[in-house]
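Chemist: Once you've had a glance at the structure underneath, I'll fire off some questions.
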Amino acid sequence: MAGNNQSCAFCRFMRSLAFSAIGGGIAGYSALALGLSQDNAIVAAFFGALGMVVLTGRKSNKSD
């Protein structure tokens with residue numbers, strides 16, 4: 001595709017999908033392990049996914 005270009009739209013999209021899955025999984029299962037209900041675990045997973053995408057987005061901008 002774009003070779004070594006780290007800022008192509010497809011690369012950013014795929015990176016955000018991967019890190020949102022990781023963040024959501026960690027936050028959701030951590031909430032369940034702490035004894036929260038499934039409804040609260042879903043909310044925690046959403047915010048975990050959002051937080052992970054924001055953190056990785058900031059890291060990639062600093063390395064430019």
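Residues in the structure tokens are named by chain (A, B, ... in the order shown) and by number from 1 within that chain; ligands are numbered from 1 in the order shown.
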Excluding Ala27 of chain A and residues on its chain fewer than 4 positions from it, collect all residues at most 8 Å away from it, counting only C-alpha atoms, and give them as a list in words.

Modeler: Gly23, Ala31, Ala41, Ala44, Ala45, Phe47, Gly48 and Ala49 of chain A

Chemist: How would the residues just picked look written out with C-alpha atoms as a PDB file, in the first residue's frame?

Modeler:
```
ATOM      1  CA  GLY A  23      -8.364  -1.539  25.775  1.00  0.00           C
ATOM      2  CA  ALA A  31     -14.613  -4.622  35.723  1.00  0.00           C
ATOM      3  CA  ALA A  41     -18.558  -3.746  32.483  1.00  0.00           C
ATOM      4  CA  ALA A  44     -16.041   0.322  31.345  1.00  0.00           C
ATOM      5  CA  ALA A  45     -15.053  -1.504  28.148  1.00  0.00           C
ATOM      6  CA  PHE A  47     -14.176   3.929  28.037  1.00  0.00           C
ATOM      7  CA  GLY A  48     -11.202   1.566  28.090  1.00  0.00           C
ATOM      8  CA  ALA A  49     -11.323   1.311  24.309  1.00  0.00           C
TER       9      ALA A  49
END
```

Chemist: Give the alpha helix (DSSP H) residues of chain A, as DSSP finds them on the backbone, and put them as a PyMOL selection string.

Modeler: chain A and resi 9-33+38-62

Chemist: Need to verify the contact set: Ser16 of chain A, 7 Å, only C-alpha atoms, exclusion of same-chain residues closer than 4 positions in sequence. Can you return it as number ranges by chain?

Modeler: A: 12, 20, 53

Chemist: Need the shell around Ile42 of chain A: protein/DNA/RNA residues with any atom at most 8 Å away, counting only C-alpha atoms. Skip same-chain ones fewer than 4 positions apart. Format as a PDB file with N, CA and C atoms, in the first residue's frame?

Modeler:
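File written: part-v1.pdb
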```pdb
ATOM      1  N   GLY A  28     -13.079  -4.137  30.343  1.00  0.00           N
ATOM      2  CA  GLY A  28     -14.308  -4.903  30.559  1.00  0.00           C
ATOM      3  C   GLY A  28     -14.104  -6.092  31.472  1.00  0.00           C
ATOM      4  N   GLN A  38     -22.677  -6.775  34.434  1.00  0.00           N
ATOM      5  CA  GLN A  38     -22.327  -6.806  33.015  1.00  0.00           C
ATOM      6  C   GLN A  38     -22.610  -5.465  32.343  1.00  0.00           C
ATOM      7  N   PHE A  46     -16.163   0.334  27.004  1.00  0.00           N
ATOM      8  CA  PHE A  46     -16.226   1.451  26.056  1.00  0.00           C
ATOM      9  C   PHE A  46     -15.186   2.510  26.391  1.00  0.00           C
TER      10      PHE A  46
END
```
